[in-house]
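Quick look at final-v6.csv (CSV, C-alpha atoms):
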```
chain,number,residue,atom,x,y,z
A,1,MET,CA,78.1,92.8,121.0
A,2,ILE,CA,81.7,92.9,122.1
A,3,TYR,CA,81.9,89.1,122.3
A,4,ARG,CA,80.4,88.7,118.8
A,5,LEU,CA,83.0,91.0,117.4
A,6,ALA,CA,85.8,89.2,119.2
A,7,ALA,CA,84.5,85.9,118.0
A,8,LEU,CA,84.7,87.1,114.4
A,9,LEU,CA,88.2,88.4,115.0
A,10,TYR,CA,89.4,85.3,116.7
A,11,PRO,CA,87.3,82.4,115.4
A,12,GLN,CA,89.9,79.8,116.6
A,13,ARG,CA,89.0,80.6,120.2
A,14,LEU,CA,85.9,79.1,121.8
A,15,TRP,CA,83.3,81.8,122.9
A,16,GLN,CA,80.1,79.8,123.2
A,17,ILE,CA,78.7,76.4,122.3
A,18,PRO,CA,76.1,76.1,119.5
A,19,PRO,CA,72.8,75.2,121.0
A,20,GLN,CA,71.6,71.7,120.5
A,21,GLY,CA,68.7,69.9,122.1
A,22,ALA,CA,67.8,71.0,125.7
A,23,PRO,CA,69.0,74.5,126.6
A,24,THR,CA,72.4,74.3,128.2
A,25,LEU,CA,74.8,76.6,130.0
A,26,TYR,CA,78.5,76.1,130.6
A,27,LEU,CA,79.7,77.3,133.9
A,28,THR,CA,83.4,78.0,134.2
A,29,PHE,CA,85.5,78.9,137.2
A,30,ASP,CA,88.9,80.6,137.1
A,31,ASP,CA,91.8,81.0,139.5
A,32,GLY,CA,91.4,78.0,141.8
A,33,PRO,CA,91.5,75.5,143.3
A,34,ILE,CA,91.6,76.7,146.8
A,35,PRO,CA,90.0,74.9,149.8
A,36,GLU,CA,88.1,77.9,151.1
A,37,VAL,CA,86.0,78.4,148.0
A,38,THR,CA,86.4,75.5,145.5
A,39,ASP,CA,84.9,72.9,147.9
A,40,TRP,CA,81.8,75.2,148.4
A,41,VAL,CA,81.4,75.4,144.7
A,42,ARG,CA,81.7,71.7,144.3
A,43,GLU,CA,79.0,71.0,146.9
A,44,THR,CA,76.7,73.7,145.4
A,45,LEU,CA,77.0,72.2,141.9
A,46,GLN,CA,76.3,68.7,143.3
A,47,ARG,CA,73.0,69.9,144.7
A,48,TYR,CA,71.8,70.8,141.2
A,49,GLN,CA,73.5,67.9,139.4
A,50,ALA,CA,75.5,70.6,137.5
A,51,LYS,CA,78.9,70.1,135.9
A,52,ALA,CA,81.4,72.8,135.2
A,53,THR,CA,84.9,73.5,133.9
A,54,PHE,CA,87.6,74.7,136.2
A,55,PHE,CA,90.6,76.7,134.8
A,56,CYS,CA,93.2,76.1,137.4
A,57,ILE,CA,96.4,78.0,138.3
A,58,GLY,CA,99.3,75.6,138.4
A,59,ASP,CA,100.6,77.1,141.7
A,60,ASN,CA,97.3,76.3,143.4
A,61,VAL,CA,97.3,72.8,142.0
A,62,ASP,CA,100.8,72.4,143.5
A,63,ARG,CA,99.4,73.5,146.9
A,64,TYR,CA,96.1,71.6,146.9
A,65,PRO,CA,96.5,68.6,144.6
A,66,GLN,CA,93.7,66.8,146.5
A,67,LEU,CA,91.2,69.5,145.4
A,68,LEU,CA,92.1,68.8,141.7
A,69,GLN,CA,91.3,65.1,142.3
A,70,ARG,CA,88.0,65.9,143.9
A,71,LEU,CA,87.0,68.0,140.9
A,72,LYS,CA,87.9,65.1,138.6
A,73,ALA,CA,86.1,62.6,140.8
A,74,ASP,CA,83.0,64.8,140.6
A,75,GLY,CA,83.0,64.6,136.8
A,76,HIS,CA,84.0,68.2,136.2
A,77,THR,CA,86.4,69.2,133.4
A,78,LEU,CA,89.7,70.9,134.0
A,79,GLY,CA,91.6,73.5,132.1
A,80,HIS,CA,94.9,75.4,132.2
A,81,HIS,CA,95.2,79.0,133.5
A,82,THR,CA,99.0,79.4,133.5
A,83,GLN,CA,101.3,78.5,136.4
A,84,ASN,CA,101.3,82.0,138.0
A,85,HIS,CA,98.2,83.8,136.6
A,86,LEU,CA,100.3,85.8,134.0
A,87,ASN,CA,99.0,88.8,132.1
A,88,GLY,CA,99.8,88.0,128.5
A,89,TRP,CA,99.9,91.6,127.5
A,90,LYS,CA,102.7,92.3,130.0
A,91,THR,CA,104.7,89.1,129.5
A,92,PRO,CA,107.2,88.2,126.8
A,93,LEU,CA,106.3,85.3,124.5
A,94,GLU,CA,108.8,82.8,125.7
A,95,THR,CA,108.1,83.5,129.3
A,96,TYR,CA,104.4,83.1,128.8
A,97,LEU,CA,104.7,79.9,126.8
A,98,GLN,CA,107.1,78.4,129.4
A,99,ASN,CA,104.9,79.3,132.3
A,100,SER,CA,101.8,77.9,130.5
A,101,LEU,CA,103.5,74.6,129.6
A,102,GLU,CA,104.6,74.2,133.2
A,103,THR,CA,101.0,73.1,134.1
A,104,VAL,CA,100.8,70.4,131.4
A,105,PRO,CA,102.1,67.5,133.7
A,106,LYS,CA,99.6,68.5,136.4
A,107,ILE,CA,96.4,69.1,134.4
A,108,ASP,CA,95.3,66.6,131.8
A,109,SER,CA,93.4,68.9,129.4
A,110,ALA,CA,93.7,70.7,126.1
A,111,TRP,CA,91.6,73.6,127.3
A,112,PHE,CA,93.4,76.9,128.1
A,113,ARG,CA,92.0,80.2,129.3
A,114,PRO,CA,94.3,83.2,129.4
A,115,PRO,CA,94.2,85.1,132.8
A,116,TYR,CA,92.3,88.4,132.5
A,117,GLY,CA,91.4,87.2,128.9
A,118,LYS,CA,94.7,89.0,127.9
A,119,ILE,CA,96.8,87.2,125.4
A,120,THR,CA,98.7,88.3,122.3
A,121,SER,CA,98.2,86.7,118.9
A,122,ALA,CA,101.8,85.3,119.0
A,123,GLN,CA,101.1,83.7,122.4
A,124,ALA,CA,97.8,82.3,121.2
A,125,LYS,CA,99.4,80.8,118.1
A,126,ALA,CA,102.3,79.3,120.1
A,127,LEU,CA,99.8,77.6,122.5
A,128,GLN,CA,97.6,76.4,119.7
A,129,ALA,CA,100.7,74.9,118.1
A,130,GLN,CA,101.2,73.0,121.3
A,131,GLY,CA,97.7,71.5,121.0
A,132,PHE,CA,95.8,73.9,123.3
A,133,LYS,CA,92.3,75.1,122.5
A,134,LEU,CA,91.7,78.6,123.9
A,135,VAL,CA,88.4,79.1,125.8
A,136,MET,CA,87.0,82.6,126.2
A,137,TRP,CA,83.4,83.4,127.1
A,138,ASN,CA,80.3,85.4,126.2
A,139,VAL,CA,79.1,86.1,129.7
A,140,LEU,CA,81.5,87.7,132.2
A,141,SER,CA,80.0,87.9,135.7
A,142,LYS,CA,82.6,90.4,137.0
A,143,ASP,CA,82.3,88.7,140.4
A,144,TYR,CA,85.9,89.8,141.0
A,145,ASN,CA,84.9,93.5,141.2
A,146,PRO,CA,84.4,94.6,144.8
A,147,LYS,CA,82.6,97.7,143.6
A,148,LEU,CA,79.7,95.5,142.4
A,149,LYS,CA,77.0,94.2,144.8
A,150,PRO,CA,76.2,90.5,144.7
A,151,GLU,CA,72.8,91.3,143.2
A,152,GLN,CA,74.4,93.3,140.4
A,153,VAL,CA,76.6,90.4,139.5
A,154,TRP,CA,73.6,88.1,139.4
A,155,GLN,CA,71.7,90.6,137.2
A,156,ARG,CA,74.6,90.8,134.7
A,157,VAL,CA,74.5,87.0,134.3
A,158,LYS,CA,70.7,86.8,134.2
A,159,HIS,CA,70.3,89.3,131.4
A,160,SER,CA,73.3,88.1,129.4
A,161,VAL,CA,73.0,84.4,129.0
A,162,ARG,CA,71.6,82.6,126.0
A,163,PRO,CA,71.5,78.8,125.3
A,164,GLY,CA,75.1,77.7,124.8
A,165,SER,CA,76.6,80.6,126.8
A,166,ILE,CA,80.0,80.1,128.5
A,167,ILE,CA,79.8,81.9,131.8
A,168,VAL,CA,82.8,83.1,133.9
A,169,PHE,CA,82.9,82.9,137.7
A,170,HIS,CA,85.9,82.8,140.0
A,171,ASP,CA,86.5,80.3,142.8
A,172,SER,CA,88.8,82.8,144.6
A,173,LEU,CA,88.7,84.6,148.0
A,174,LYS,CA,88.4,87.9,146.3
A,175,ALA,CA,85.3,87.0,144.3
A,176,ALA,CA,83.6,84.7,146.8
A,177,PRO,CA,81.1,87.1,148.4
A,178,ARG,CA,79.6,88.0,145.0
A,179,MET,CA,80.2,84.6,143.2
A,180,LYS,CA,78.4,82.6,145.9
A,181,TYR,CA,75.3,84.7,145.7
A,182,ALA,CA,75.3,84.9,141.9
A,183,LEU,CA,76.1,81.2,141.4
A,184,GLN,CA,73.3,80.1,143.7
A,185,LYS,CA,70.8,82.4,141.9
A,186,THR,CA,72.0,81.2,138.5
A,187,LEU,CA,71.5,77.6,139.4
A,188,GLU,CA,68.1,78.2,140.9
A,189,HIS,CA,66.7,80.4,138.2
A,190,PHE,CA,67.9,78.6,135.1
A,191,SER,CA,67.3,75.1,136.5
A,192,ALA,CA,63.7,76.1,137.0
A,193,GLN,CA,63.6,77.2,133.3
A,194,GLY,CA,64.7,73.7,132.2
A,195,TYR,CA,68.4,74.5,131.6
A,196,GLN,CA,71.1,72.0,132.0
A,197,PHE,CA,74.6,72.8,133.3
A,198,LYS,CA,77.3,71.0,131.5
A,199,ALA,CA,81.1,70.9,131.5
A,200,LEU,CA,83.1,71.4,128.4
A,201,PRO,CA,84.0,68.0,126.9
A,202,GLN,CA,87.0,66.3,128.4
A,203,ARG,CA,88.7,66.5,125.1
A,204,ALA,CA,88.8,69.8,123.3
A,205,PHE,CA,87.1,70.4,120.0
A,206,ASN,CA,89.4,70.3,117.0
A,207,ASN,CA,90.8,73.7,116.0
```
Please go through the file and, once you have read it, give me the structure as structure tokens.
Amino acid sequence: MIYRLAALLYPQRLWQIPPQGAPTLYLTFDDGPIPEVTDWVRETLQRYQAKATFFCIGDNVDRYPQLLQRLKADGHTLGHHTQNHLNGWKTPLETYLQNSLETVPKIDSAWFRPPYGKITSAQAKALQAQGFKLVMWNVLSKDYNPKLKPEQVWQRVKHSVRPGSIIVFHDSLKAAPRMKYALQKTLEHFSAQGYQFKALPQRAFNN
């Protein structure tokens, strides 16, 4: 319900993909790339012929540029996640915009996801004016929450998805114990039900 309301309030942002043809889910991963987790995700997705979208922190791209190239070579889509994982609600407009634009030379994509999902209307408008398309979600796994057990994270995903859902996982050390379990379950369960796993298009939809 909360995502339906948010989608009505902010229709310029992408919350889900209208179902067409075979049932499809859109896996997304925030906060990478890092070698300890992102490579595991890549290998797991490959086993299911699944594609995904990775919203990358610019600082991690600077540290591990080879991981970004592996994601591209595997056919996954990339997106921006600011240079330093900024909380938009706590960051002045100009600082947020400058930090976000810092990733442009490193990541060839128009997709942008605000860290924590927190962004002001002024920041969103400024980014959209620069050609970005904001991607949100309608299924939040909460794999980052250490108070949740891996099975609880999986159950959140299992009971929330619909055809066309955009699902948020995190390829981070903090989320890894819960993400790995829930991702494996997600791929197994929904593949058996005939779902496909696709990345967002390489080029963003028009605003």
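Neighbouring residues of A:Asn60 at 8 Å or closer, counting all atoms listed in the file and skipping chain neighbours under 6 positions away, are Gly32, Pro33 and Ile34 of chain A.
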Discussion item. Show me, as JSON, numbers by chain, the residues that have an atom within 9 Å of stretch 168-172 of chain A when counting all atoms listed in the file, minus same-chain residues fewer than 5 positions from it.
Written reply: {"A": [26, 27, 28, 29, 30, 31, 32, 33, 34, 36, 37, 38, 40, 41, 54, 136, 137, 138, 139, 140, 141, 142, 143, 144, 179, 180, 182, 183]}
Item to complete: Would you list the contacts of stretch 47-51 of chain A as number ranges by chain, taking every protein, DNA or RNA residue within 7 Å and counting all atoms listed in the file, but skipping same-chain residues closer than 3 positions in sequence?
Response: A: 43-44, 75-76, 197-199
Worksheet item: Just how far from atom CA of A:Asp74 is atom CA of A:Leu97, in Å to one decimal?
Response: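 Computed distance, atom CA of A:Leu97 to atom CA of A:Asp74, equals 29.8 Å.
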Item to complete: Check the smallest atom-to-atom distance from each of A:Gly58, A:Pro35, A:Pro18, A:Pro177 to A:Leu71 using all atoms listed in the file, then report the winner.
Response: A:Pro35
Worksheet item: How far is it from atom CA of A:Ile107 to atom CA of A:Ile57, in Å with one decimal?
Response: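 Computed distance, atom CA of A:Ile107 to atom CA of A:Ile57, equals 9.7 Å.
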Worksheet entry | Residue with smallest distance to A:Trp15 - pool A:Ser165, A:Thr77, A:Thr186, A:Ser121, counting all atoms listed in the file |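 Of all the options, A:Ser165 lies closest to A:Trp15.
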Worksheet entry | Nearest to A:Gln16, chosen from A:Phe112, A:Tyr64, A:Phe132, A:Arg4, with only C-alpha atoms counted in the distances |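 Closest to A:Gln16 of all the choices is A:Arg4.
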Worksheet entry | Local residues around (70.4, 79.3, 135.3), at most 10 Å away, using only C-alpha atoms, as a PyMOL selection string | chain A and resi 24-27+157-158+161-162+182-197
Could you write out that same residue set with C-alpha atoms as a short mmCIF file (atom, residue, chain, number, x, y, z; two decimals), keeping the file's coordinate frame?
```
data_model
loop_
_atom_site.label_atom_id
_atom_site.label_comp_id
_atom_site.auth_asym_id
_atom_site.auth_seq_id
_atom_site.Cartn_x
_atom_site.Cartn_y
_atom_site.Cartn_z
CA THR A 24 72.40 74.30 128.20
CA LEU A 25 74.80 76.60 130.00
CA TYR A 26 78.50 76.10 130.60
CA LEU A 27 79.70 77.30 133.90
CA VAL A 157 74.50 87.00 134.30
CA LYS A 158 70.70 86.80 134.20
CA VAL A 161 73.00 84.40 129.00
CA ARG A 162 71.60 82.60 126.00
CA ALA A 182 75.30 84.90 141.90
CA LEU A 183 76.10 81.20 141.40
CA GLN A 184 73.30 80.10 143.70
CA LYS A 185 70.80 82.40 141.90
CA THR A 186 72.00 81.20 138.50
CA LEU A 187 71.50 77.60 139.40
CA GLU A 188 68.10 78.20 140.90
CA HIS A 189 66.70 80.40 138.20
CA PHE A 190 67.90 78.60 135.10
CA SER A 191 67.30 75.10 136.50
CA ALA A 192 63.70 76.10 137.00
CA GLN A 193 63.60 77.20 133.30
CA GLY A 194 64.70 73.70 132.20
CA TYR A 195 68.40 74.50 131.60
CA GLN A 196 71.10 72.00 132.00
CA PHE A 197 74.60 72.80 133.30
#
```
Discussion item. Report, in Å with one decimal, the straight-line distance from atom CA of A:Arg203 to atom CA of A:Gly131.
Written reply: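 Going from atom CA of A:Arg203 over to atom CA of A:Gly131, I get 11.1 Å.
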Worksheet item: Which residue out of A:Gly88, A:Gly79, A:Pro65, A:Pro23 has the minimum interatomic distance to A:Val135 when all atoms listed in the file are used?
Response: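 Of all the options, A:Gly79 lies closest to A:Val135.
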Item to complete: Name the residues in contact with A:Gly117 at a cut-off of 9 Å, using only C-alpha atoms, excluding same-chain residues fewer than 2 positions from it; report them as a PyMOL selection string.
Response: chain A and resi 87-88+113-115+119+136
Discussion item. Give me, as a count of residues only, all polymer residues having an atom no more than 9 Å from A:Thr120, counting all atoms listed in the file and skipping those fewer than 4 positions away in the same chain.
Written reply: 5
